[in-house]
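Have a look at target-v6.pdb below; it lists PDB, C-alpha atoms.
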ATOM      1  CA  MET U   1       7.026 -39.124 -18.903  1.00  0.00           C
ATOM      2  CA  SER U   2       9.034 -37.466 -21.633  1.00  0.00           C
ATOM      3  CA  ARG U   3      11.382 -34.572 -20.987  1.00  0.00           C
ATOM      4  CA  LEU U   4       9.215 -32.242 -23.102  1.00  0.00           C
ATOM      5  CA  THR U   5       6.098 -33.145 -21.083  1.00  0.00           C
ATOM      6  CA  ARG U   6       7.908 -32.511 -17.794  1.00  0.00           C
ATOM      7  CA  THR U   7       9.203 -29.167 -19.052  1.00  0.00           C
ATOM      8  CA  LEU U   8       5.726 -28.106 -20.176  1.00  0.00           C
ATOM      9  CA  LEU U   9       4.188 -29.170 -16.845  1.00  0.00           C
ATOM     10  CA  ALA U  10       6.870 -27.275 -14.936  1.00  0.00           C
ATOM     11  CA  ALA U  11       6.253 -24.167 -17.046  1.00  0.00           C
ATOM     12  CA  LEU U  12       2.497 -24.402 -16.440  1.00  0.00           C
ATOM     13  CA  LEU U  13       3.071 -24.833 -12.711  1.00  0.00           C
ATOM     14  CA  ILE U  14       5.319 -21.776 -12.577  1.00  0.00           C
ATOM     15  CA  LEU U  15       2.786 -19.702 -14.543  1.00  0.00           C
ATOM     16  CA  GLY U  16       0.010 -20.898 -12.246  1.00  0.00           C
ATOM     17  CA  LEU U  17       1.968 -19.956  -9.147  1.00  0.00           C
ATOM     18  CA  ALA U  18       2.791 -16.537 -10.584  1.00  0.00           C
ATOM     19  CA  ALA U  19      -0.890 -15.902 -11.293  1.00  0.00           C
ATOM     20  CA  CYS U  20      -1.726 -16.729  -7.667  1.00  0.00           C
ATOM     21  CA  THR U  21       0.423 -13.869  -6.408  1.00  0.00           C
ATOM     22  CA  THR U  22      -1.829 -11.122  -7.804  1.00  0.00           C
ATOM     23  CA  ARG U  23      -4.910  -9.820  -6.037  1.00  0.00           C
ATOM     24  CA  ASN U  24      -7.427  -7.033  -6.560  1.00  0.00           C
ATOM     25  CA  LEU U  25      -5.821  -3.703  -5.762  1.00  0.00           C
ATOM     26  CA  TYR U  26      -6.537  -2.625  -2.174  1.00  0.00           C
ATOM     27  CA  ALA U  27      -7.280   1.112  -1.936  1.00  0.00           C
ATOM     28  CA  PRO U  28      -8.848   1.725   1.468  1.00  0.00           C
ATOM     29  CA  ILE U  29     -11.011   4.692   2.365  1.00  0.00           C
ATOM     30  CA  GLN U  30     -10.873   4.852   6.157  1.00  0.00           C
ATOM     31  CA  ALA U  31     -13.460   6.827   8.084  1.00  0.00           C
ATOM     32  CA  LEU U  32     -12.055   8.271  11.278  1.00  0.00           C
ATOM     33  CA  PRO U  33     -13.812   7.727  14.614  1.00  0.00           C
ATOM     34  CA  PRO U  34     -16.975   9.824  14.946  1.00  0.00           C
ATOM     35  CA  GLY U  35     -17.062  12.514  17.583  1.00  0.00           C
ATOM     36  CA  ARG U  36     -13.379  13.325  17.113  1.00  0.00           C
ATOM     37  CA  GLU U  37     -12.088  15.558  14.341  1.00  0.00           C
ATOM     38  CA  TYR U  38      -8.362  15.507  13.791  1.00  0.00           C
ATOM     39  CA  SER U  39      -6.454  18.629  12.834  1.00  0.00           C
ATOM     40  CA  GLN U  40      -4.398  18.855   9.673  1.00  0.00           C
ATOM     41  CA  VAL U  41      -1.230  18.728  11.782  1.00  0.00           C
ATOM     42  CA  GLU U  42      -2.374  15.605  13.673  1.00  0.00           C
ATOM     43  CA  LEU U  43      -3.278  13.813  10.457  1.00  0.00           C
ATOM     44  CA  GLN U  44      -0.059  14.795   8.700  1.00  0.00           C
ATOM     45  CA  HIS U  45       2.005  13.691  11.684  1.00  0.00           C
ATOM     46  CA  ALA U  46       0.227  10.328  11.947  1.00  0.00           C
ATOM     47  CA  ILE U  47       0.533   9.636   8.214  1.00  0.00           C
ATOM     48  CA  VAL U  48       4.178  10.691   7.925  1.00  0.00           C
ATOM     49  CA  SER U  49       5.154   8.794  11.097  1.00  0.00           C
ATOM     50  CA  ALA U  50       3.460   5.620   9.846  1.00  0.00           C
ATOM     51  CA  LEU U  51       5.111   5.943   6.430  1.00  0.00           C
ATOM     52  CA  GLU U  52       8.568   6.464   7.897  1.00  0.00           C
ATOM     53  CA  ALA U  53       8.145   3.562  10.325  1.00  0.00           C
ATOM     54  CA  ARG U  54       7.410   1.294   7.332  1.00  0.00           C
ATOM     55  CA  GLN U  55      10.402   2.623   5.353  1.00  0.00           C
ATOM     56  CA  TRP U  56       8.317   4.604   2.843  1.00  0.00           C
ATOM     57  CA  GLU U  57       9.985   7.745   1.463  1.00  0.00           C
ATOM     58  CA  VAL U  58       7.769  10.813   1.871  1.00  0.00           C
ATOM     59  CA  ARG U  59       8.029  12.816  -1.357  1.00  0.00           C
ATOM     60  CA  GLN U  60       5.583  15.658  -0.745  1.00  0.00           C
ATOM     61  CA  VAL U  61       3.259  16.889   1.983  1.00  0.00           C
ATOM     62  CA  SER U  62       0.426  19.333   1.316  1.00  0.00           C
ATOM     63  CA  GLN U  63      -2.675  20.465   3.208  1.00  0.00           C
ATOM     64  CA  SER U  64      -4.743  17.450   2.177  1.00  0.00           C
ATOM     65  CA  GLN U  65      -2.340  14.931   0.660  1.00  0.00           C
ATOM     66  CA  VAL U  66       0.899  13.069   1.290  1.00  0.00           C
ATOM     67  CA  LEU U  67       2.807  11.477  -1.603  1.00  0.00           C
ATOM     68  CA  ALA U  68       5.148   8.587  -0.840  1.00  0.00           C
ATOM     69  CA  GLN U  69       7.117   5.817  -2.488  1.00  0.00           C
ATOM     70  CA  ILE U  70       8.883   2.630  -1.497  1.00  0.00           C
ATOM     71  CA  THR U  71      11.435   0.395  -3.149  1.00  0.00           C
ATOM     72  CA  VAL U  72      11.900  -3.086  -1.733  1.00  0.00           C
ATOM     73  CA  ARG U  73      14.989  -5.168  -2.507  1.00  0.00           C
ATOM     74  CA  GLY U  74      15.742  -2.892  -5.439  1.00  0.00           C
ATOM     75  CA  ARG U  75      13.095  -4.673  -7.536  1.00  0.00           C
ATOM     76  CA  HIS U  76       9.660  -3.720  -6.254  1.00  0.00           C
ATOM     77  CA  HIS U  77       8.635  -0.071  -6.376  1.00  0.00           C
ATOM     78  CA  ALA U  78       5.300   1.560  -5.531  1.00  0.00           C
ATOM     79  CA  GLU U  79       4.054   5.134  -5.382  1.00  0.00           C
ATOM     80  CA  ILE U  80       0.957   6.186  -3.453  1.00  0.00           C
ATOM     81  CA  ALA U  81      -1.042   9.242  -2.493  1.00  0.00           C
ATOM     82  CA  ILE U  82      -2.736   9.511   0.873  1.00  0.00           C
ATOM     83  CA  ASP U  83      -5.597  11.993   0.702  1.00  0.00           C
ATOM     84  CA  TYR U  84      -6.966  13.107   4.049  1.00  0.00           C
ATOM     85  CA  SER U  85      -9.598  15.279   5.662  1.00  0.00           C
ATOM     86  CA  PRO U  86     -10.751  15.667   9.275  1.00  0.00           C
ATOM     87  CA  ALA U  87     -13.224  12.811   8.736  1.00  0.00           C
ATOM     88  CA  GLU U  88     -11.291  10.228   6.660  1.00  0.00           C
ATOM     89  CA  PHE U  89      -8.195   9.243   4.743  1.00  0.00           C
ATOM     90  CA  GLN U  90      -7.679   7.255   1.571  1.00  0.00           C
ATOM     91  CA  ILE U  91      -4.586   5.443   0.347  1.00  0.00           C
ATOM     92  CA  ARG U  92      -4.503   5.550  -3.462  1.00  0.00           C
ATOM     93  CA  TYR U  93      -2.240   3.632  -5.813  1.00  0.00           C
ATOM     94  CA  LEU U  94      -0.376   5.858  -8.263  1.00  0.00           C
ATOM     95  CA  SER U  95       2.148   3.612  -9.999  1.00  0.00           C
ATOM     96  CA  SER U  96       4.504   0.695  -9.545  1.00  0.00           C
ATOM     97  CA  SER U  97       7.167  -1.451 -11.129  1.00  0.00           C
ATOM     98  CA  GLY U  98       7.973  -5.062 -10.395  1.00  0.00           C
ATOM     99  CA  LEU U  99       4.569  -5.618  -8.753  1.00  0.00           C
ATOM    100  CA  ASP U 100       2.728  -7.005 -11.793  1.00  0.00           C
ATOM    101  CA  TYR U 101       0.039  -4.299 -11.829  1.00  0.00           C
ATOM    102  CA  GLU U 102      -2.489  -4.907 -14.578  1.00  0.00           C
ATOM    103  CA  ASP U 103      -6.224  -4.270 -14.893  1.00  0.00           C
ATOM    104  CA  GLY U 104      -6.796  -3.479 -11.220  1.00  0.00           C
ATOM    105  CA  LYS U 105      -4.745  -6.432  -9.964  1.00  0.00           C
ATOM    106  CA  ILE U 106      -1.369  -6.244  -8.243  1.00  0.00           C
ATOM    107  CA  HIS U 107       1.095  -8.447  -6.384  1.00  0.00           C
ATOM    108  CA  ARG U 108      -0.308  -9.460  -3.019  1.00  0.00           C
ATOM    109  CA  ASN U 109       2.678  -7.941  -1.197  1.00  0.00           C
ATOM    110  CA  TYR U 110       1.541  -4.450  -2.219  1.00  0.00           C
ATOM    111  CA  ASN U 111      -1.832  -5.059  -0.561  1.00  0.00           C
ATOM    112  CA  ARG U 112      -0.045  -6.322   2.557  1.00  0.00           C
ATOM    113  CA  TRP U 113       2.074  -3.155   2.691  1.00  0.00           C
ATOM    114  CA  ILE U 114      -1.021  -0.952   2.352  1.00  0.00           C
ATOM    115  CA  LYS U 115      -3.012  -2.846   5.009  1.00  0.00           C
ATOM    116  CA  LYS U 116      -0.121  -2.516   7.452  1.00  0.00           C
ATOM    117  CA  LEU U 117       0.270   1.164   6.621  1.00  0.00           C
ATOM    118  CA  ARG U 118      -3.468   1.777   7.151  1.00  0.00           C
ATOM    119  CA  ASN U 119      -3.312   0.061  10.534  1.00  0.00           C
ATOM    120  CA  ASP U 120      -0.207   2.028  11.517  1.00  0.00           C
ATOM    121  CA  ILE U 121      -1.873   5.340  10.641  1.00  0.00           C
ATOM    122  CA  LEU U 122      -4.871   4.426  12.795  1.00  0.00           C
ATOM    123  CA  GLN U 123      -2.548   3.389  15.625  1.00  0.00           C
ATOM    124  CA  GLN U 124      -0.663   6.698  15.370  1.00  0.00           C
ATOM    125  CA  LEU U 125      -3.936   8.620  15.565  1.00  0.00           C
ATOM    126  CA  HIS U 126      -5.088   6.605  18.578  1.00  0.00           C
ATOM    127  CA  THR U 127      -1.733   6.959  20.346  1.00  0.00           C
ATOM    128  CA  ASN U 128      -1.511  10.699  19.745  1.00  0.00           C
ATOM    129  CA  SER U 129      -5.097  11.482  20.721  1.00  0.00           C
ATOM    130  CA  GLY U 130      -5.065   9.915  24.146  1.00  0.00           C
TER     131      GLY U 130
END
Show me this structure written as structure tokens.
Amino acid sequence: MSRLTRTLLAALLILGLAACTTRNLYAPIQALPPGREYSQVELQHAIVSALEARQWEVRQVSQSQVLAQITVRGRHHAEIAIDYSPAEFQIRYLSSSGLDYEDGKIHRNYNRWIKKLRNDILQQLHTNSG
């Protein structure tokens, strides 16, 4: 196999692996348990606590929204909004750098971060309501 062929195959392999790291953007809308309405304070506390536990920087807190950002290893940056009401919350993507966002697809690590954050918020709500 010639050197040029090996170089081209290696380049194709690297491009193929890079393409495998992107997934459809995960933007969960989470209904809260029926029969229990959470106060604004309870929801804010659960969201902010979960964000801080995962090393997200809380930028702004309002009556129905929390804005946050994270930078990982100085290369990967994401900004989100968490909209909430007594019945549900939603984690929305706002912007990113270093996470290959394009046409509704993003690096799989972003989705992992959001899934963990969603679970942590639910755990905070469960822990604080009992």
Do you have the CA of His76 in chain U-CA of Glu57 in chain U distance handy?
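Separating CA of His76 in chain U from CA of Glu57 in chain U is a distance of 13.8 Å.
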Which residues are close to Pro33 in chain U, i.e. within 12 Å by only C-alpha atoms, leaving aside same-chain residues fewer than 2 positions away? Reply as a list in words.
Gln30, Ala31, Gly35, Arg36, Glu37, Tyr38, Pro86, Ala87, Glu88, Phe89, Leu122, Leu125, His126 and Ser129 of chain U
List the residues selected by the PyMOL selection byres ((chain U and resi 83) around 8) in the file shown, writing them as a PyMOL selection string.
chain U and resi 64-66+81-82+84-85+89-92
Taking the file as I've supplied it (selection: the PyMOL selection byres ((chain U and resi 50) around 9)), which residues are included? Please answer as a ChimeraX atom specification.
/U:45-49,51-56,117-124
Apply the PyMOL selection byres ((chain U and resi 26) around 6) to the file shown and report the selected residues as a ChimeraX atom specification.
/U:25,27,111
